[in-house]
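Source file: my_file07.csv (CSV, C-alpha atoms)
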chain,number,residue,atom,x,y,z
A,177,MET,CA,52.5,6.1,39.4
A,178,ALA,CA,50.5,3.2,40.8
A,179,ARG,CA,50.2,0.3,38.5
A,180,ARG,CA,46.7,-0.8,37.4
A,181,PRO,CA,45.9,-4.4,38.5
A,182,VAL,CA,46.3,-6.9,35.7
A,183,GLY,CA,42.8,-8.2,36.3
A,184,ASP,CA,41.3,-4.8,35.6
A,185,GLY,CA,43.2,-4.4,32.3
A,186,PHE,CA,42.0,-7.9,31.2
A,187,ARG,CA,38.4,-7.1,32.1
A,188,ALA,CA,38.5,-3.8,30.2
A,189,ARG,CA,40.0,-5.5,27.1
A,190,TRP,CA,37.3,-8.2,27.4
A,191,ARG,CA,34.5,-5.7,27.6
A,192,ARG,CA,35.8,-3.8,24.6
A,193,THR,CA,36.0,-7.1,22.6
A,194,VAL,CA,32.5,-8.1,23.6
A,195,ARG,CA,31.2,-4.6,22.7
A,196,ARG,CA,32.9,-4.7,19.3
A,197,ALA,CA,31.5,-8.1,18.6
A,198,ARG,CA,28.0,-7.1,19.7
A,199,VAL,CA,28.1,-3.9,17.5
A,200,GLY,CA,29.4,-5.9,14.6
A,201,LEU,CA,26.7,-8.6,15.0
A,202,ARG,CA,24.0,-5.9,15.3
A,203,LYS,CA,25.3,-4.2,12.2
A,204,SER,CA,25.4,-7.4,10.2
A,205,ALA,CA,21.9,-8.3,11.3
A,206,VAL,CA,20.6,-4.8,10.3
A,207,ASP,CA,22.3,-5.0,7.0
A,208,TYR,CA,20.9,-8.5,6.4
A,209,PHE,CA,17.4,-7.6,7.2
A,210,ARG,CA,17.7,-4.6,5.0
A,211,GLY,CA,18.9,-6.8,2.2
A,212,ASP,CA,22.3,-5.2,2.0
A,213,ALA,CA,24.4,-8.1,3.1
A,214,ALA,CA,25.3,-11.6,2.0
A,215,ASP,CA,23.2,-14.5,3.2
A,216,TRP,CA,26.1,-16.6,4.4
A,217,LEU,CA,25.0,-16.4,8.1
A,218,ALA,CA,21.5,-17.8,7.4
A,219,LEU,CA,22.9,-20.4,5.0
A,220,THR,CA,25.4,-21.6,7.7
A,221,VAL,CA,22.7,-21.8,10.4
A,222,LEU,CA,20.3,-23.6,8.2
A,223,THR,CA,22.9,-26.0,6.9
A,224,ILE,CA,24.0,-26.9,10.5
A,225,SER,CA,20.3,-27.5,11.4
A,226,VAL,CA,20.0,-30.2,8.7
A,227,PRO,CA,22.3,-32.8,10.2
A,228,LEU,CA,20.9,-32.0,13.7
A,229,ILE,CA,17.4,-32.7,12.4
A,230,ALA,CA,18.6,-35.9,10.7
A,231,TRP,CA,20.3,-37.0,14.0
A,232,GLY,CA,17.0,-36.4,15.9
A,233,THR,CA,15.1,-38.4,13.3
A,234,VAL,CA,17.5,-41.4,13.7
A,235,LEU,CA,17.3,-41.3,17.5
A,236,ALA,CA,13.6,-40.4,17.9
A,237,PRO,CA,11.6,-40.7,14.7
A,238,GLN,CA,8.3,-40.3,16.7
A,239,TRP,CA,9.3,-36.8,17.7
A,240,PHE,CA,11.4,-35.9,14.6
A,241,PRO,CA,9.7,-37.5,11.6
A,242,PRO,CA,11.6,-37.4,8.3
A,243,THR,CA,9.3,-34.6,7.1
A,244,THR,CA,10.9,-32.3,9.7
A,245,LEU,CA,13.4,-31.4,7.0
A,246,VAL,CA,10.8,-29.2,5.4
A,247,LEU,CA,11.5,-26.6,8.2
A,248,PRO,CA,15.0,-25.5,7.0
A,249,VAL,CA,13.9,-25.9,3.4
A,250,LEU,CA,10.9,-23.6,4.0
A,251,VAL,CA,12.9,-21.0,6.0
A,252,GLY,CA,15.6,-21.1,3.3
A,253,GLY,CA,13.1,-20.3,0.6
A,254,LEU,CA,12.2,-17.1,2.5
A,255,LEU,CA,15.8,-16.1,3.4
A,256,LEU,CA,18.3,-17.3,0.9
A,257,ARG,CA,19.2,-16.5,-2.7
A,258,PRO,CA,18.6,-19.2,-5.3
A,259,SER,CA,22.3,-20.2,-5.5
A,260,SER,CA,22.6,-20.6,-1.7
A,261,LEU,CA,19.2,-22.3,-1.6
A,262,LEU,CA,20.5,-25.1,-3.9
A,263,LEU,CA,23.4,-25.8,-1.5
A,264,LEU,CA,20.8,-26.1,1.3
A,265,TYR,CA,18.7,-28.4,-0.8
A,266,GLY,CA,21.8,-30.6,-1.5
A,267,ALA,CA,22.4,-30.9,2.2
A,268,SER,CA,18.8,-31.8,2.8
A,269,ALA,CA,18.8,-34.5,0.1
A,270,ALA,CA,22.0,-36.0,1.6
A,271,ALA,CA,20.4,-36.0,5.0
A,272,MET,CA,17.3,-37.8,3.7
A,273,VAL,CA,19.5,-40.5,2.0
A,274,VAL,CA,21.3,-41.0,5.3
A,275,GLU,CA,18.0,-41.3,7.2
A,276,SER,CA,16.7,-43.8,4.7
A,277,ALA,CA,19.9,-45.9,5.0
A,278,VAL,CA,20.0,-45.9,8.8
A,279,LEU,CA,16.3,-46.4,9.4
A,280,GLY,CA,15.8,-49.0,6.8
A,281,PRO,CA,13.1,-49.6,4.2
A,282,TYR,CA,9.8,-47.7,4.8
A,283,ARG,CA,7.9,-51.0,4.8
A,284,ASP,CA,9.6,-52.0,8.1
A,285,GLY,CA,7.5,-49.6,10.2
A,286,VAL,CA,6.5,-46.0,11.0
A,287,GLY,CA,9.1,-43.2,11.1
A,288,ARG,CA,10.8,-44.3,7.8
A,289,VAL,CA,11.5,-42.2,4.8
A,290,THR,CA,8.5,-42.9,2.6
A,291,PRO,CA,7.8,-41.8,-1.0
A,292,GLY,CA,5.3,-39.4,0.5
A,293,THR,CA,8.1,-37.8,2.6
A,294,VAL,CA,10.2,-37.3,-0.5
A,295,LEU,CA,7.3,-35.7,-2.4
A,296,VAL,CA,6.4,-33.3,0.5
A,297,VAL,CA,10.0,-32.1,0.9
A,298,ALA,CA,10.5,-31.8,-2.8
A,299,ALA,CA,7.2,-29.8,-3.2
A,300,VAL,CA,8.2,-27.4,-0.5
A,301,ALA,CA,11.7,-27.1,-2.0
A,302,LEU,CA,10.3,-26.3,-5.4
A,303,ALA,CA,7.9,-23.7,-4.0
A,304,GLY,CA,10.8,-22.1,-2.1
A,305,LEU,CA,13.0,-22.0,-5.2
A,306,ILE,CA,10.2,-20.3,-7.2
A,307,VAL,CA,9.8,-17.7,-4.5
A,308,ALA,CA,13.5,-17.1,-4.3
A,309,GLN,CA,13.9,-16.7,-8.1
A,310,PHE,CA,11.0,-14.3,-8.2
A,311,ARG,CA,12.5,-12.3,-5.4
A,312,ALA,CA,15.9,-12.2,-7.1
A,313,ARG,CA,14.4,-11.1,-10.4
A,314,VAL,CA,12.5,-8.3,-8.7
A,315,GLY,CA,15.6,-7.3,-6.8
A,316,VAL,CA,13.8,-6.8,-3.5
A,317,PRO,CA,14.6,-9.2,-0.6
A,318,TRP,CA,11.7,-10.5,1.3
A,319,MET,CA,12.7,-8.5,4.4
A,320,ARG,CA,12.2,-5.3,2.4
A,321,GLY,CA,9.1,-6.3,0.5
A,322,GLY,CA,6.7,-5.5,3.2
A,323,THR,CA,8.6,-2.3,4.1
A,324,MET,CA,8.5,-1.2,0.5
A,325,LEU,CA,4.7,-1.8,0.2
A,326,PHE,CA,4.1,0.0,3.4
A,327,ASP,CA,6.2,3.0,2.2
A,328,LEU,CA,4.2,3.1,-1.1
A,329,ARG,CA,0.9,3.0,0.8
A,330,GLU,CA,2.0,5.9,3.1
A,331,ARG,CA,3.2,7.9,0.1
A,332,ILE,CA,-0.2,7.7,-1.5
A,333,ARG,CA,-1.8,8.8,1.8
A,334,VAL,CA,0.6,11.7,2.2
A,335,GLN,CA,-0.1,12.8,-1.3
A,336,SER,CA,-3.8,12.6,-0.7
A,337,ARG,CA,-3.6,14.7,2.5
A,338,LEU,CA,-5.7,17.9,2.2
A,339,PRO,CA,-4.0,21.3,3.0
A,340,ARG,CA,-5.0,23.2,6.1
A,341,LEU,CA,-7.9,25.6,5.4
A,342,PRO,CA,-8.6,29.0,7.0
A,343,GLU,CA,-11.1,29.5,9.7
A,344,GLY,CA,-14.7,29.0,8.5
A,345,TRP,CA,-13.8,26.2,6.0
A,346,HIS,CA,-13.7,22.4,6.5
A,347,ALA,CA,-12.6,19.7,4.1
A,348,GLU,CA,-12.1,16.0,4.6
A,349,MET,CA,-11.5,13.0,2.4
A,350,ALA,CA,-12.1,9.3,3.0
A,351,LEU,CA,-10.8,6.5,0.9
A,352,ARG,CA,-11.7,2.8,1.0
A,353,PRO,CA,-10.0,0.4,-1.4
A,354,ALA,CA,-11.7,-2.6,-2.9
A,355,GLY,CA,-11.6,-5.9,-1.0
A,356,GLY,CA,-10.1,-4.4,2.1
A,357,GLN,CA,-6.7,-3.9,0.4
A,358,SER,CA,-4.2,-1.2,1.2
A,359,PHE,CA,-3.9,0.1,-2.4
A,360,SER,CA,-6.6,1.9,-4.3
A,361,GLY,CA,-7.1,3.3,-7.8
A,362,ASP,CA,-8.8,6.4,-6.3
A,363,PHE,CA,-6.8,9.3,-5.0
A,364,VAL,CA,-6.9,13.0,-4.2
A,365,VAL,CA,-4.2,15.6,-4.7
A,366,ALA,CA,-4.7,19.1,-3.3
A,367,THR,CA,-2.9,22.3,-2.8
A,368,ARG,CA,-3.4,26.0,-2.1
A,369,THR,CA,-2.3,28.6,-4.6
A,370,SER,CA,-2.4,32.3,-5.2
A,371,GLY,CA,-0.9,33.0,-1.8
A,372,GLY,CA,-3.2,30.5,-0.1
A,373,ARG,CA,-6.4,32.1,-1.4
A,374,ILE,CA,-7.3,29.3,-3.9
A,375,LEU,CA,-7.8,25.7,-3.0
A,376,GLU,CA,-7.3,23.3,-5.9
A,377,ALA,CA,-8.2,19.7,-5.4
A,378,VAL,CA,-8.3,16.8,-7.9
A,379,LEU,CA,-10.2,13.6,-7.3
A,380,THR,CA,-9.2,10.9,-9.7
A,381,ASP,CA,-10.5,7.4,-10.4
A,382,VAL,CA,-8.0,5.2,-12.3
A,383,SER,CA,-9.3,2.3,-14.4
A,384,GLY,CA,-9.2,-1.0,-12.5
A,385,LYS,CA,-9.3,-1.4,-8.8
A,386,GLY,CA,-7.3,-2.5,-5.7
A,387,MET,CA,-3.7,-3.7,-6.3
A,388,ASP,CA,-4.2,-3.7,-10.1
A,389,ALA,CA,-4.7,0.1,-10.2
A,390,GLY,CA,-2.6,0.9,-7.1
A,391,SER,CA,0.7,1.2,-9.0
A,392,ARG,CA,-0.8,3.4,-11.7
A,393,ALA,CA,-2.5,5.5,-9.1
A,394,LEU,CA,0.8,6.0,-7.3
A,395,LEU,CA,2.5,7.2,-10.5
A,396,LEU,CA,-0.4,9.4,-11.4
A,397,SER,CA,-0.8,11.0,-8.0
A,398,GLY,CA,2.9,12.0,-8.1
A,399,ALA,CA,2.6,13.4,-11.6
A,400,PHE,CA,-0.7,15.2,-10.9
A,401,GLY,CA,0.7,16.6,-7.6
A,402,GLY,CA,3.5,18.1,-9.6
A,403,LEU,CA,1.2,19.6,-12.2
A,404,LEU,CA,-1.4,20.9,-9.7
A,405,GLY,CA,-0.6,24.6,-8.9
A,406,SER,CA,2.2,24.7,-11.5
A,407,LEU,CA,-0.3,25.3,-14.3
A,408,PRO,CA,-3.3,27.6,-14.7
A,409,PRO,CA,-6.5,25.7,-13.5
A,410,HIS,CA,-7.9,25.4,-17.0
A,411,ALA,CA,-4.7,23.8,-18.3
A,412,PHE,CA,-4.4,21.1,-15.7
A,413,LEU,CA,-6.7,18.4,-17.2
A,414,THR,CA,-5.3,19.0,-20.6
A,415,ALA,CA,-1.7,18.4,-19.3
A,416,ALA,CA,-3.0,15.4,-17.3
A,417,ASN,CA,-4.6,14.0,-20.4
A,418,GLY,CA,-1.4,14.3,-22.4
A,419,TYR,CA,0.6,12.6,-19.6
A,420,LEU,CA,-1.7,9.6,-19.7
A,421,LEU,CA,-1.5,9.3,-23.5
A,422,ARG,CA,2.3,9.3,-23.3
A,423,GLN,CA,2.2,6.2,-21.0
A,424,ASN,CA,0.7,3.9,-23.6
A,425,TRP,CA,-0.9,1.8,-20.9
A,426,ASP,CA,-3.2,-1.0,-22.1
A,427,GLU,CA,-5.8,0.1,-19.5
A,428,GLY,CA,-4.7,3.7,-19.3
A,429,PHE,CA,-7.8,5.8,-18.9
A,430,ALA,CA,-9.0,7.6,-15.8
A,431,THR,CA,-11.8,9.9,-14.7
A,432,SER,CA,-11.0,13.1,-12.8
A,433,VAL,CA,-12.7,16.2,-11.4
A,434,HIS,CA,-10.8,19.4,-10.6
A,435,LEU,CA,-12.1,21.8,-8.0
A,436,VAL,CA,-10.9,25.4,-8.0
A,437,LEU,CA,-12.3,27.2,-4.9
A,438,ASP,CA,-11.8,30.8,-3.8
A,439,LEU,CA,-11.6,30.6,-0.1
A,440,GLU,CA,-12.4,34.3,0.3
A,441,THR,CA,-15.5,34.6,-1.8
A,442,GLY,CA,-16.7,30.9,-1.9
A,443,ASP,CA,-16.8,31.0,-5.7
A,444,TYR,CA,-15.7,27.8,-7.4
A,445,GLU,CA,-15.3,26.0,-10.7
A,446,LEU,CA,-15.6,22.3,-11.4
A,447,LEU,CA,-13.8,20.9,-14.4
A,448,SER,CA,-14.5,17.2,-15.2
A,449,ALA,CA,-12.8,14.5,-17.3
A,450,GLY,CA,-15.6,11.9,-17.6
A,451,HIS,CA,-16.2,12.1,-13.8
A,452,LEU,CA,-19.5,11.9,-11.9
A,453,PRO,CA,-21.1,15.2,-11.1
A,454,GLY,CA,-20.6,16.9,-7.8
A,455,MET,CA,-23.5,17.5,-5.4
A,456,GLN,CA,-24.0,20.9,-3.6
A,457,LEU,CA,-26.2,21.5,-0.6
A,458,SER,CA,-27.6,24.9,-0.4
A,459,ALA,CA,-28.1,25.8,3.3
A,460,GLY,CA,-30.7,28.5,2.3
A,461,THR,CA,-33.1,26.1,0.6
A,462,GLY,CA,-32.0,22.8,2.1
A,463,ARG,CA,-31.8,21.2,-1.4
A,464,TRP,CA,-29.1,19.4,-3.2
A,465,GLU,CA,-28.1,20.6,-6.6
A,466,GLU,CA,-26.2,18.6,-9.2
A,467,LYS,CA,-23.0,20.2,-10.5
A,468,ALA,CA,-22.1,18.5,-13.8
A,469,ALA,CA,-19.1,19.7,-15.9
A,470,GLU,CA,-18.4,18.2,-19.3
A,471,GLY,CA,-15.3,16.6,-20.6
A,472,PRO,CA,-14.0,13.2,-22.0
A,473,LEU,CA,-12.0,10.6,-20.1
A,474,LEU,CA,-8.4,11.2,-19.5
A,475,GLY,CA,-6.0,9.2,-21.7
A,476,VAL,CA,-8.5,8.5,-24.5
A,477,TYR,CA,-7.6,10.9,-27.3
A,478,ASP,CA,-5.4,14.0,-27.8
A,479,GLY,CA,-6.9,17.5,-28.1
A,480,ALA,CA,-9.7,16.9,-25.6
A,481,GLU,CA,-11.5,20.0,-24.3
A,482,PHE,CA,-12.8,20.3,-20.7
A,483,HIS,CA,-15.6,22.7,-19.9
A,484,SER,CA,-16.3,23.9,-16.4
A,485,VAL,CA,-19.4,24.6,-14.3
A,486,LYS,CA,-19.4,27.4,-11.7
A,487,GLY,CA,-21.0,27.8,-8.3
A,488,THR,CA,-20.7,29.5,-4.9
A,489,LEU,CA,-20.4,28.0,-1.5
A,490,ARG,CA,-22.1,30.3,1.0
A,491,SER,CA,-22.3,29.9,4.8
A,492,GLY,CA,-23.5,26.4,5.6
A,493,ASP,CA,-23.2,25.1,2.1
A,494,VAL,CA,-21.6,21.7,1.4
A,495,LEU,CA,-20.0,20.2,-1.8
A,496,LEU,CA,-19.6,16.4,-2.2
A,497,LEU,CA,-17.2,14.9,-4.8
A,498,PHE,CA,-17.1,11.1,-5.1
A,499,THR,CA,-16.1,8.2,-7.3
A,500,ASP,CA,-18.3,5.7,-9.0
A,501,GLY,CA,-17.6,3.0,-6.5
A,502,LEU,CA,-19.6,4.9,-3.9
A,503,VAL,CA,-22.9,5.1,-5.9
A,504,GLU,CA,-22.6,2.4,-8.7
A,505,ALA,CA,-23.8,-1.2,-8.2
A,506,ALA,CA,-24.8,-4.1,-10.4
A,507,GLY,CA,-28.5,-3.9,-11.2
A,508,ARG,CA,-28.9,-0.4,-9.7
A,509,ASP,CA,-29.3,2.8,-11.6
A,510,LEU,CA,-26.6,5.5,-11.0
A,511,THR,CA,-29.2,8.1,-10.1
A,512,GLU,CA,-30.5,5.7,-7.4
A,513,GLY,CA,-27.1,5.4,-5.9
A,514,ILE,CA,-26.6,9.2,-5.8
A,515,ASP,CA,-30.1,9.6,-4.2
A,516,ARG,CA,-29.1,7.0,-1.5
A,517,LEU,CA,-25.8,9.0,-0.8
A,518,ILE,CA,-27.7,12.2,-0.6
A,519,GLY,CA,-30.3,10.6,1.7
A,520,GLU,CA,-27.6,9.5,4.1
A,521,ALA,CA,-25.9,12.9,3.9
A,522,ASP,CA,-29.1,14.7,5.0
A,523,ARG,CA,-28.6,13.1,8.4
A,524,TYR,CA,-25.5,15.3,8.9
A,525,VAL,CA,-27.1,18.6,7.9
A,526,ALA,CA,-28.2,19.6,11.4
A,527,HIS,CA,-25.0,18.6,13.2
A,528,GLY,CA,-22.4,19.3,10.6
A,529,PHE,CA,-20.2,17.2,8.3
A,530,ARG,CA,-17.1,17.0,10.4
A,531,GLY,CA,-16.0,13.3,10.4
A,532,ALA,CA,-18.9,12.4,8.0
A,533,ALA,CA,-16.8,11.2,5.0
A,534,TRP,CA,-15.8,7.8,6.4
A,535,GLN,CA,-19.2,7.2,8.0
A,536,LEU,CA,-21.0,8.0,4.7
A,537,ILE,CA,-18.9,5.4,2.9
A,538,GLU,CA,-19.7,2.9,5.6
A,539,ALA,CA,-23.4,3.6,5.4
A,540,VAL,CA,-23.7,3.7,1.6
A,541,ALA,CA,-21.1,1.3,0.2
A,542,LYS,CA,-19.6,-0.7,3.0
A,543,ASP,CA,-19.4,-4.1,1.2
A,544,VAL,CA,-19.0,-2.9,-2.4
A,545,ASN,CA,-16.1,-4.6,-4.2
A,546,ASP,CA,-14.8,-1.4,-5.7
A,547,ASP,CA,-12.6,1.5,-4.7
A,548,ARG,CA,-14.6,4.3,-3.0
A,549,ALA,CA,-13.5,7.8,-2.3
A,550,LEU,CA,-15.5,10.8,-1.0
A,551,LEU,CA,-14.3,14.4,-0.7
A,552,ILE,CA,-16.4,16.9,1.4
A,553,VAL,CA,-15.8,20.6,1.3
A,554,CYS,CA,-18.1,22.8,3.5
A,555,ARG,CA,-18.3,26.3,4.7
A,556,ASP,CA,-19.2,26.8,8.3

Show me this structure written as structure tokens.
Amino acid sequence: MARRPVGDGFRARWRRTVRRARVGLRKSAVDYFRGDAADWLALTVLTISVPLIAWGTVLAPQWFPPTTLVLPVLVGGLLLRPSSLLLLYGASAAAMVVESAVLGPYRDGVGRVTPGTVLVVAAVALAGLIVAQFRARVGVPWMRGGTMLFDLRERIRVQSRLPRLPEGWHAEMALRPAGGQSFSGDFVVATRTSGGRILEAVLTDVSGKGMDAGSRALLLSGAFGGLLGSLPPHAFLTAANGYLLRQNWDEGFATSVHLVLDLETGDYELLSAGHLPGMQLSAGTGRWEEKAAEGPLLGVYDGAEFHSVKGTLRSGDVLLLFTDGLVEAAGRDLTEGIDRLIGEADRYVAHGFRGAAWQLIEAVAKDVNDDRALLIVCRD
């Protein structure tokens, strides 16, 4: 057998070594940014950067002023755990002492370690330590914080997704949180039951708005999604009311409207828990009719009863369900807000309501500092 050249064997071993190192480094980086690994690598890099910055300050203080030490201190506050952060702070303090000793008293000229320099670095260090301690207490590294919030937001959106309807029906929902945030106290859960014949949809408005109500809305949307379709329609709001009462939240009430629609006949029932009335457009007359069911707020008292109102969606009819952020405003009557919504909705009667939900929110309540949600169900 011919012998393989020595150089080829060395190159193959070198390639395998480099490949293993590259895979190991990539795995370590992925684990670190997922928050599953130690922070020794970041601590090492930042600690090495401290004497390098101090050396640059001694040689060229015009380009590397003493306040440059805030850079590793700031990055450390975002990356390191509190215990590791204290080690970095110790190295930074030592570097500042060395700079002061080498450069001389700050009265001798610019580029010296002044009391202001010490205060700036100390303030940044304190802010970084507070952030690191909060992150450690929550148990979520900063690298996963944004991912977690994004995941929560997407879960709310998935839970609010309407099921596909048979031909001849159209439903859409638009949600706009207060202040341009990503989390809202308004949400919708919907499902089809009875072999797909019945559409059940629940529009809920949790007390509060934006981020304050977002966590409770996420919890309630999951609970309501589990209850919806698992209970008879008339038992849903009673079960939801009991669930809220068991949470014992300081601000634990919510309003909700439950739509039960027969997709074959168009007959429907609306059950309300302190929610605003629905508005139905009759294609035959061209008029809007208020559909107001009776019932108390969810989470107020036990034994509440919820009474329904019935109706029928015929060809061309439209049903609007919405939250108070869409029609309420300071100094304006609620009826006036509903009339304004209906006036804008009349613009879509001739051409249809497909894609109208978001545009109606933009037209009626674009700059309102409250959560806004609109559910449209129409029969072609």

query: Nearest to A:Arg340 among A:Leu439, A:Gly280, A:Glu504, A:Glu466, with distances taken over all atoms listed in the file: which residue is it?
result: A:Leu439

- request: Take atom CA of A:Ala539 and atom CA of A:Leu495 and report the distance between them in Å, one decimal.
  value: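 Result for atom CA of A:Ala539 versus atom CA of A:Leu495: 18.4 Å, one decimal.
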
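For the choices A:Trp216, A:Phe240, A:Trp231, A:Phe310, the atom-to-atom distance to A:Leu264 is smallest for A:Trp216 when using only C-alpha atoms.
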
- prompt: Which residue gives the smallest distance to A:Pro339 among A:Pro248, A:Gly372, A:Gly428, A:Gly304, with only C-alpha atoms counted?
  reply: A:Gly372

query: What would the list of residues within 10 Å of (17.5, -34.5, 8.0) (file frame) look like as number ranges by chain, if all atoms listed in the file are what count?
result: A: 225-234, 240-248, 267-276

- prompt: Which residues, written as a PyMOL selection string, have at least one atom at most 12 Å from A:Ser260, with all atoms listed in the file counted and residues fewer than 3 positions away on the same chain left out?
  reply: chain A and resi 214-220+222-223+249+252-257+263-267+304-305+308-309

message: Taking 6 positions as the minimum chain separation for residues in the same chain, which residues sit within 12 Å of A:Leu421 when counting only C-alpha atoms? Answer as number ranges by chain.
response: A: 414-415, 427-430, 473-480

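Here the question is which of A:Val494, A:Ser484, A:Gly462, A:Pro453 gets nearest to A:Thr511 using all atoms listed in the file, and that residue is A:Pro453.
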
query: atom CA of A:Leu446 and atom CA of A:Gly487, how far apart in Å?
result: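 Taking atom CA of A:Gly487 as the start and atom CA of A:Leu446 as the end point, the length is 8.3 Å.
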
message: I'd like the interatomic distance between atom CA of A:Thr461 and atom CA of A:Ser491, to a tenth of an Å.
response: 12.2 Å

A:Ala277, A:Leu497, A:Val525, A:Ile306 ranked by distance to A:Leu452, top pick (using only C-alpha atoms):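 The shortest atom-to-atom distance to A:Leu452 comes from A:Leu497.
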
- request: Would you list the contacts of A:Val544 as a ChimeraX atom specification, taking every protein, DNA or RNA residue within 10 Å and counting only C-alpha atoms, but skipping same-chain residues closer than 6 positions in sequence?
  value: /A:352-355,501-506,537-538

Rows by chain and residue number, stretch 383-443 of chain A within 10 Å of stretch 373-377 of chain A, shortest pair, only C-alpha atoms, as a Markdown table:
| residue | atom | partner | partner_atom | distance |
| --- | --- | --- | --- | --- |
| A:Gly401 | CA | A:Ala377 | CA | 9.7 |
| A:Leu404 | CA | A:Glu376 | CA | 7.4 |
| A:Gly405 | CA | A:Glu376 | CA | 7.5 |
| A:Pro409 | CA | A:Glu376 | CA | 8.0 |
| A:Val433 | CA | A:Ala377 | CA | 8.3 |
| A:His434 | CA | A:Ala377 | CA | 5.8 |
| A:Leu435 | CA | A:Ala377 | CA | 5.1 |
| A:Val436 | CA | A:Glu376 | CA | 4.7 |
| A:Leu437 | CA | A:Leu375 | CA | 5.1 |
| A:Asp438 | CA | A:Ile374 | CA | 4.7 |
| A:Leu439 | CA | A:Arg373 | CA | 5.6 |
| A:Glu440 | CA | A:Arg373 | CA | 6.6 |
| A:Thr441 | CA | A:Arg373 | CA | 9.4 |
| A:Gly442 | CA | A:Ile374 | CA | 9.7 |
| A:Asp443 | CA | A:Ile374 | CA | 9.8 |

message: Need the shell around A:Phe498: protein/DNA/RNA residues with any atom at most 7 Å away, counting only C-alpha atoms. Skip same-chain ones fewer than 2 positions apart. Format as a PyMOL selection string?
response: chain A and resi 496+500+502+549-551

- prompt: Using only C-alpha atoms, which of the listed residues (A:Leu250, A:Ala416, A:Leu279, A:Ala347) sits closest to A:Ala299?
  reply: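 Of A:Leu250, A:Ala416, A:Leu279, A:Ala347, the one nearest A:Ala299 is A:Leu250, counting only C-alpha atoms.
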
For stretch 184-198 of chain A, take all atoms listed in the file, fit an axis-aligned box around them, add 8 Å to each of the six sides, then output centre and edge lengths in Å rounded to one decimal, as lines of an AutoDock Vina configuration file.
center_x = 35.6
center_y = -6.0
center_z = 27.1
size_x = 31.2
size_y = 20.4
size_z = 33.0

task: Determine, counting all atoms listed in the file, which protein, DNA and RNA residues have an atom within 9 Å of an atom of A:Met349; residues of the same chain fewer than 4 positions away are not included. Present the result as JSON, numbers by chain.
output: {"A": [336, 337, 338, 364, 533, 534, 549, 550, 551, 552, 553]}
